[in-house]
Every structure is written in C-alpha cells, then in structure tokens.
Amino acid sequence: MKLRPRQEIGSIPWDPDSYGQSHLGLPLEVWRPADRCRLLIHAGIHGEEGETTIALSRALRLLAEPSPHCAVVLAANPDGLIRGIRGNARSVDLNRNFPTKDWRPDPVKHRSTLDSPRDVFLSPGSGPGSEPETKALIGLIEELRPEAVIALHAPLACIDDDKQGSLARWISEKTDLPLVADVGYPTPGSFGTWGGERGLPVVTYEFEMTDKDSIVRKHVPVLAELLAGVDPWS
Ligand SMILES: [Zn+2]
C-alpha cells in the first residue's frame with residue numbers, strides 16, 4: 001500500500017460528494033472509490049461514538065490515492081456528532097430507524113454506560129425510515145450497490161455478522177475481537193437487519209471501550225488495509 005508522507009496526513013487528500021443533508025442541514029458526505037464500489041464503510045451513525053469517525057478518517061488520510069473499491073462515510077449522523085448525542089437532532093436512534101420487518105414504534109431503551117440500566121429513552125422515529133439521514137444512507141447504498149457494508153460502532157468489542165461471512169471472519173482474525181451472530185439484545189430497525197433482509201452482507205464492527213490512542217493504534221491499520229484494497233473475500 002502506498003502511503004502519504006507523514007507531514008501530509010493531517011488533511012483528507014480529496015473531496016467528498018454529498019449524498020444528502022441531515023435534519024439540521026449539514027452535508028452527508030461520501031468519499032467515493034476510484035473504481036466500482038465493492039465495500040462501503042460508515043462511521044458515526046451513533047453520535048456518541050466519535051472514535052469510529054476518528055479512526056476511519058485517520059485510515060482514509062493514510063492513502064496516497066483514492067481507495068480502489070471502498071466508499072467511506074465518516075459521519076452518518078453529523079447532527080448527533082456535533083451535539084455529542086447518540087441519536088440525531090430529533091433524538092432518533094438511527095440504528096433503530098431502518099425500514100425492516102421488525103421495526104417497532106416503542107421507545108429505544110439505551111444504557112448511558114455499559115454497566116448502567118437501560119433507562120435512557122430515545123425514539124425509533126415516527127415511522128420506519130422516517131429520518132433524512134436514514135433515507136439518504138439507503139439511497140447511497142442503492143446507488144453504489146456495494147457487495148458488503150461495514151458499520152463501525154463502539155464499545156461492545158465484537159464483530160457481529162449473523163452469517164459469519166468471510167469479511168467478518170477476516171476482521172475478527174485481524175483484530176482478535178470475537179465473531180458473534182448478534183450483540184445479545186434485540187435491535188429492531190437496525191441497519192444490519194435492513195441489509196440482511198435485502199441480501200446485503202453487513203458487518204457490525206464494534207471497537208473496544210478504551211482510550212482513543214489504543215483504538216487508533218489497533219484499528220486504523222485494519223481499516224487502512226480494507227481501504228487500500230485488500231480482498232477479504234478471496
Ligand atoms: Zn453504536
């Protein structure tokens with residue numbers, strides 16, 4: 001993999017396209033691959049998981065040229081990221097807002113920390129796929145038609161793929177994170193379920209609960225390999 005000189009990795013070397021707008025009017029940005037899109041990696045769909053955006057940005061900034069086959073969304077929920085909240089500006093948990101068969105109107109019960117009870121309520125949206133960020137991401141995927149999507153999250157420390165496919169196994173081996181078939185609790189309306197219902201493999205890549213430098217050291221090289229065109233399907 002050809003890397004940029006270290007002095008240059010402070011900036012992203014090429015411009016994104018906009019694939020829509022958030023509720024607050026912020027651009028939803030995608031860095032497109034040079035060639036056909038095989039993989040989409042998105043980060044920051046939960047605005048409290050900014051470490052996913054930082055790690056994916058750092059991996060993107062290492063590349064000397066655009067990724068051959070991987071599209072990148074650094075901030076799937078920019079309103080949540082700028083406000084430091086899990087949901088979007090309307091307090092909708094976007095990862096419960098996808099139009100799936102199991103979408104539920106009930107409040108989304110969230111733990112404020114991993115050892116807390118589920119006593120923080122968010123909305124799953126006024127209906128399946130109600131939010132602009134959800135609609136835009138679906139539109140982007142329908143346009144790009146990737147072979148698989150990686151959704152970055154934290155801090156459950158696992159690689160979640162109900163099919164346990166080759167991409168998930170590759171990430172699990174590279175990261176030493178356990179490969180699991182679910183995260184251990186129901187996630188109606190999740191992005192992964194939405195992909196599964198359409199035959200689109202989705203790997204939920206959950207970083208550990210640790211400091212930012214440890215995440216960067218461990219996960220940026222793995223993400224950079226994927227961006228640089230390593231083929232985990234072969
Ligand atoms: Zn998350």
# chains A, B, ... in the order shown; residues from 1 in each chain; ligands from 1
call {"tool": "residues_near_ligand", "arguments": {"ligand": "ligand 1", "cutoff": "7 Å", "atoms": "only C-alpha atoms and all ligand atoms", "output": "number ranges by chain"}}
result
A: 45-46, 49, 153-154
call {"tool": "write_last_selection", "arguments": {"atoms": "C-alpha atoms", "output": "JSON list (two decimals), in the first residue's frame"}}
result
[["chain", "number", "residue", "atom", "x", "y", "z"],
["A", 45, "ILE", "CA", -24.22, 6.66, 12.96],
["A", 46, "HIS", "CA", -24.33, 6.97, 16.76],
["A", 49, "GLU", "CA", -19.26, 7.09, 19.11],
["A", 153, "HIS", "CA", -19.68, 1.23, 16.37],
["A", 154, "ALA", "CA", -18.31, 1.18, 19.93]]
call {"tool": "residues_around", "arguments": {"residues": "range 208-223 of chain A", "least_positions_apart": "2", "cutoff": "12 Å", "atoms": "only C-alpha atoms", "output": "PyMOL selection string"}}
result
chain A and resi 1+3+39-43+49-63+67+70-72+113-115+150-159+167+170-178+205-206+225-230+232
call {"tool": "closest_atom_pairs", "arguments": {"of": "range 64-125 of chain A", "to": "range 9-16 of chain A", "cutoff": "8 Å", "atoms": "only C-alpha atoms", "output": "tab-separated table"}}
result
residue	atom	partner	partner_atom	distance
A:Ala64	CA	A:Pro13	CA	7.8
A:Glu65	CA	A:Pro13	CA	7.9
A:Pro66	CA	A:Trp14	CA	7.7
call {"tool": "closest_residue", "arguments": {"among": "A:Leu74, A:Ala224, A:Val183, A:Ala148", "to": "Arg38 in chain A", "atoms": "only C-alpha atoms"}}
result
A:Ala148
call {"tool": "closest_residue", "arguments": {"among": "A:Asp119, A:Glu48, A:Asp162, A:Glu142", "to": "Val180 in chain A", "atoms": "only C-alpha atoms"}}
result
A:Asp162
call {"tool": "closest_residue", "arguments": {"among": "A:Asp160, A:Glu147, A:Gly184, A:Gly44", "to": "Leu200 in chain A", "atoms": "only C-alpha atoms"}}
result
A:Glu147
call {"tool": "closest_residue", "arguments": {"among": "A:Pro146, A:Phe121, A:Gly196, A:Asn88", "to": "Leu26 in chain A", "atoms": "only C-alpha atoms"}}
result
A:Asn88
call {"tool": "select_by_dssp", "arguments": {"residues": "range 5-147 of chain A", "states": "strand (DSSP E)", "output": "PyMOL selection string"}}
result
chain A and resi 17-21+27-30+39-42+70-73+108-110+120-122
call {"tool": "write_last_selection", "arguments": {"atoms": "C-alpha atoms", "output": "compact mmCIF listing (two decimals), in the first residue's frame"}}
result
# COMPACT_ATOMS: atom_id res chain seq x y z
CA ASP A 17 -19.56 14.16 -2.63
CA SER A 18 -22.71 15.00 -0.75
CA TYR A 19 -25.34 12.24 -0.67
CA GLY A 20 -27.94 14.30 1.17
CA GLN A 21 -28.49 16.55 4.16
CA PRO A 27 -23.95 17.69 4.37
CA LEU A 28 -23.91 13.90 4.39
CA GLU A 29 -20.57 13.16 2.79
CA VAL A 30 -19.19 10.15 0.92
CA LEU A 39 -17.38 -2.16 0.06
CA LEU A 40 -18.91 0.75 1.99
CA ILE A 41 -17.60 1.58 5.46
CA HIS A 42 -19.63 4.01 7.54
CA CYS A 70 -14.17 1.18 -0.95
CA ALA A 71 -16.57 4.08 -0.30
CA VAL A 72 -16.28 5.91 3.01
CA VAL A 73 -18.87 7.75 5.10
CA VAL A 108 -35.42 2.68 22.28
CA LYS A 109 -34.00 1.94 25.71
CA HIS A 110 -30.37 2.87 25.93
CA VAL A 120 -32.40 6.45 28.75
CA PHE A 121 -35.16 6.59 26.14
CA LEU A 122 -34.62 7.54 22.50
call {"tool": "closest_residue", "arguments": {"among": "A:Leu81, A:Arg104, A:Arg90, A:Leu144", "to": "Pro33 in chain A", "atoms": "only C-alpha atoms"}}
result
A:Leu144
call {"tool": "atom_distance", "arguments": {"atom1": "CA of Glu197 in chain A", "atom2": "CA of Phe98 in chain A"}}
result
11.0 Å
call {"tool": "select_by_dssp", "arguments": {"residues": "range 44-131 of chain A", "states": "alpha helix (DSSP H)", "output": "PyMOL selection string"}}
result
chain A and resi 50-62+78-83
call {"tool": "atom_distance", "arguments": {"atom1": "CA of Gly84 in chain A", "atom2": "CA of Gly195 in chain A"}}
result
26.5 Å
call {"tool": "residues_around", "arguments": {"residues": "Ile82 in chain A", "least_positions_apart": "3", "cutoff": "8 Å", "atoms": "only C-alpha atoms", "output": "list of chain:residue names"}}
result
A:Gly47, A:Pro78, A:Asp79
call {"tool": "write_last_selection", "arguments": {"atoms": "N, CA and C atoms", "output": "mmCIF file, in the first residue's frame"}}
result
data_model
loop_
_atom_site.group_PDB
_atom_site.id
_atom_site.type_symbol
_atom_site.label_atom_id
_atom_site.label_comp_id
_atom_site.auth_asym_id
_atom_site.auth_seq_id
_atom_site.Cartn_x
_atom_site.Cartn_y
_atom_site.Cartn_z
ATOM 1 N N GLY A 47 -23.991 9.289 17.420
ATOM 2 C CA GLY A 47 -23.182 10.492 17.606
ATOM 3 C C GLY A 47 -22.303 10.465 18.843
ATOM 4 N N PRO A 78 -24.198 13.362 11.346
ATOM 5 C CA PRO A 78 -23.407 14.548 11.726
ATOM 6 C C PRO A 78 -24.078 15.388 12.810
ATOM 7 N N ASP A 79 -25.411 15.440 12.835
ATOM 8 C CA ASP A 79 -26.090 16.233 13.871
ATOM 9 C C ASP A 79 -25.814 15.650 15.258
#
call {"tool": "atom_distance", "arguments": {"atom1": "CA of Ala34 in chain A", "atom2": "CA of Pro68 in chain A"}}
result
4.9 Å
call {"tool": "decode", "arguments": {"residues": "range 195-211 of chain A", "atoms": "all heavy atoms", "output": "mmCIF file, in the first residue's frame"}}
result
data_model
loop_
_atom_site.group_PDB
_atom_site.id
_atom_site.type_symbol
_atom_site.label_atom_id
_atom_site.label_comp_id
_atom_site.auth_asym_id
_atom_site.auth_seq_id
_atom_site.Cartn_x
_atom_site.Cartn_y
_atom_site.Cartn_z
ATOM 1 N N GLY A 195 -29.992 -4.569 6.004
ATOM 2 C CA GLY A 195 -29.137 -5.165 4.983
ATOM 3 C C GLY A 195 -29.449 -6.640 4.794
ATOM 4 O O GLY A 195 -29.583 -7.131 3.666
ATOM 5 N N GLY A 196 -29.609 -7.358 5.931
ATOM 6 C CA GLY A 196 -29.877 -8.792 5.869
ATOM 7 C C GLY A 196 -31.152 -9.107 5.094
ATOM 8 O O GLY A 196 -31.202 -10.072 4.330
ATOM 9 N N GLU A 197 -32.176 -8.267 5.281
ATOM 10 C CA GLU A 197 -33.452 -8.516 4.577
ATOM 11 C C GLU A 197 -33.312 -8.310 3.073
ATOM 12 O O GLU A 197 -34.153 -8.766 2.307
ATOM 13 C CB GLU A 197 -34.546 -7.594 5.144
ATOM 14 C CG GLU A 197 -34.981 -8.010 6.534
ATOM 15 C CD GLU A 197 -36.095 -7.135 7.102
ATOM 16 O OE1 GLU A 197 -36.566 -6.207 6.405
ATOM 17 O OE2 GLU A 197 -36.476 -7.375 8.262
ATOM 18 N N ARG A 198 -32.261 -7.584 2.652
ATOM 19 C CA ARG A 198 -32.034 -7.336 1.219
ATOM 20 C C ARG A 198 -30.904 -8.181 0.636
ATOM 21 O O ARG A 198 -30.481 -7.957 -0.498
ATOM 22 C CB ARG A 198 -31.710 -5.855 0.996
ATOM 23 C CG ARG A 198 -32.967 -5.048 0.913
ATOM 24 C CD ARG A 198 -32.804 -3.651 1.454
ATOM 25 N NE ARG A 198 -34.132 -3.093 1.642
ATOM 26 C CZ ARG A 198 -34.922 -3.366 2.683
ATOM 27 N NH1 ARG A 198 -34.495 -4.172 3.650
ATOM 28 N NH2 ARG A 198 -36.114 -2.856 2.778
ATOM 29 N N GLY A 199 -30.398 -9.091 1.426
ATOM 30 C CA GLY A 199 -29.303 -9.926 0.939
ATOM 31 C C GLY A 199 -27.979 -9.185 0.870
ATOM 32 O O GLY A 199 -27.055 -9.610 0.179
ATOM 33 N N LEU A 200 -27.885 -8.056 1.583
ATOM 34 C CA LEU A 200 -26.640 -7.275 1.613
ATOM 35 C C LEU A 200 -25.871 -7.633 2.882
ATOM 36 O O LEU A 200 -26.351 -7.353 3.989
ATOM 37 C CB LEU A 200 -26.965 -5.773 1.602
ATOM 38 C CG LEU A 200 -25.787 -4.818 1.812
ATOM 39 C CD1 LEU A 200 -24.821 -4.874 0.637
ATOM 40 C CD2 LEU A 200 -26.291 -3.384 2.020
ATOM 41 N N PRO A 201 -24.707 -8.252 2.757
ATOM 42 C CA PRO A 201 -23.949 -8.573 3.972
ATOM 43 C C PRO A 201 -23.533 -7.301 4.715
ATOM 44 O O PRO A 201 -22.996 -6.369 4.113
ATOM 45 C CB PRO A 201 -22.717 -9.317 3.439
ATOM 46 C CG PRO A 201 -23.116 -9.805 2.081
ATOM 47 C CD PRO A 201 -24.054 -8.761 1.545
ATOM 48 N N VAL A 202 -23.840 -7.267 5.998
ATOM 49 C CA VAL A 202 -23.458 -6.138 6.864
ATOM 50 C C VAL A 202 -22.650 -6.691 8.028
ATOM 51 O O VAL A 202 -23.090 -7.622 8.710
ATOM 52 C CB VAL A 202 -24.696 -5.404 7.406
ATOM 53 C CG1 VAL A 202 -24.288 -4.360 8.450
ATOM 54 C CG2 VAL A 202 -25.482 -4.747 6.275
ATOM 55 N N VAL A 203 -21.474 -6.129 8.218
ATOM 56 C CA VAL A 203 -20.649 -6.489 9.365
ATOM 57 C C VAL A 203 -20.664 -5.306 10.331
ATOM 58 O O VAL A 203 -20.328 -4.187 9.945
ATOM 59 C CB VAL A 203 -19.198 -6.792 8.940
ATOM 60 C CG1 VAL A 203 -18.342 -7.089 10.167
ATOM 61 C CG2 VAL A 203 -19.158 -7.958 7.959
ATOM 62 N N THR A 204 -21.117 -5.552 11.557
ATOM 63 C CA THR A 204 -21.075 -4.523 12.590
ATOM 64 C C THR A 204 -19.765 -4.697 13.354
ATOM 65 O O THR A 204 -19.547 -5.714 14.012
ATOM 66 C CB THR A 204 -22.290 -4.640 13.528
ATOM 67 O OG1 THR A 204 -23.478 -4.549 12.722
ATOM 68 C CG2 THR A 204 -22.301 -3.515 14.548
ATOM 69 N N TYR A 205 -18.912 -3.712 13.200
ATOM 70 C CA TYR A 205 -17.537 -3.761 13.723
ATOM 71 C C TYR A 205 -17.514 -2.850 14.942
ATOM 72 O O TYR A 205 -17.554 -1.644 14.830
ATOM 73 C CB TYR A 205 -16.616 -3.274 12.596
ATOM 74 C CG TYR A 205 -15.130 -3.195 12.793
ATOM 75 C CD1 TYR A 205 -14.313 -3.009 11.687
ATOM 76 C CD2 TYR A 205 -14.496 -3.287 14.029
ATOM 77 C CE1 TYR A 205 -12.926 -2.912 11.793
ATOM 78 C CE2 TYR A 205 -13.120 -3.195 14.141
ATOM 79 C CZ TYR A 205 -12.342 -2.993 13.030
ATOM 80 O OH TYR A 205 -10.975 -2.880 13.144
ATOM 81 N N GLU A 206 -17.517 -3.474 16.123
ATOM 82 C CA GLU A 206 -17.622 -2.748 17.396
ATOM 83 C C GLU A 206 -16.245 -2.634 18.052
ATOM 84 O O GLU A 206 -15.673 -3.630 18.495
ATOM 85 C CB GLU A 206 -18.553 -3.502 18.359
ATOM 86 C CG GLU A 206 -20.021 -3.462 17.996
ATOM 87 C CD GLU A 206 -20.791 -2.374 18.765
ATOM 88 O OE1 GLU A 206 -20.173 -1.633 19.554
ATOM 89 O OE2 GLU A 206 -22.016 -2.288 18.552
ATOM 90 N N PHE A 207 -15.739 -1.409 18.142
ATOM 91 C CA PHE A 207 -14.475 -1.185 18.846
ATOM 92 C C PHE A 207 -14.641 -1.489 20.339
ATOM 93 O O PHE A 207 -15.754 -1.508 20.862
ATOM 94 C CB PHE A 207 -14.030 0.280 18.725
ATOM 95 C CG PHE A 207 -13.679 0.735 17.332
ATOM 96 C CD1 PHE A 207 -13.568 2.095 17.063
ATOM 97 C CD2 PHE A 207 -13.452 -0.155 16.298
ATOM 98 C CE1 PHE A 207 -13.242 2.548 15.799
ATOM 99 C CE2 PHE A 207 -13.124 0.291 15.030
ATOM 100 C CZ PHE A 207 -13.023 1.653 14.779
ATOM 101 N N GLU A 208 -13.483 -1.616 20.999
ATOM 102 C CA GLU A 208 -13.478 -1.817 22.443
ATOM 103 C C GLU A 208 -13.758 -0.496 23.178
ATOM 104 O O GLU A 208 -13.632 0.583 22.607
ATOM 105 C CB GLU A 208 -12.089 -2.278 22.923
ATOM 106 C CG GLU A 208 -11.568 -3.536 22.293
ATOM 107 C CD GLU A 208 -10.800 -3.287 20.998
ATOM 108 O OE1 GLU A 208 -10.991 -2.236 20.347
ATOM 109 O OE2 GLU A 208 -10.011 -4.160 20.633
ATOM 110 N N MET A 209 -14.065 -0.634 24.480
ATOM 111 C CA MET A 209 -14.138 0.540 25.354
ATOM 112 C C MET A 209 -12.730 0.810 25.870
ATOM 113 O O MET A 209 -12.251 0.153 26.805
ATOM 114 C CB MET A 209 -15.095 0.271 26.517
ATOM 115 C CG MET A 209 -15.246 1.459 27.424
ATOM 116 S SD MET A 209 -16.685 1.299 28.480
ATOM 117 C CE MET A 209 -16.476 -0.338 29.132
ATOM 118 N N THR A 210 -12.047 1.717 25.227
ATOM 119 C CA THR A 210 -10.679 2.030 25.632
ATOM 120 C C THR A 210 -10.364 3.442 25.162
ATOM 121 O O THR A 210 -11.224 4.130 24.631
ATOM 122 C CB THR A 210 -9.693 0.980 25.062
ATOM 123 O OG1 THR A 210 -8.383 1.249 25.559
ATOM 124 C CG2 THR A 210 -9.650 1.009 23.543
ATOM 125 N N ASP A 211 -9.126 3.862 25.362
ATOM 126 C CA ASP A 211 -8.776 5.235 25.006
ATOM 127 C C ASP A 211 -8.570 5.382 23.498
ATOM 128 O O ASP A 211 -8.354 4.401 22.784
ATOM 129 C CB ASP A 211 -7.507 5.656 25.757
ATOM 130 C CG ASP A 211 -6.330 4.789 25.357
ATOM 131 O OD1 ASP A 211 -6.235 3.658 25.869
ATOM 132 O OD2 ASP A 211 -5.534 5.203 24.504
#
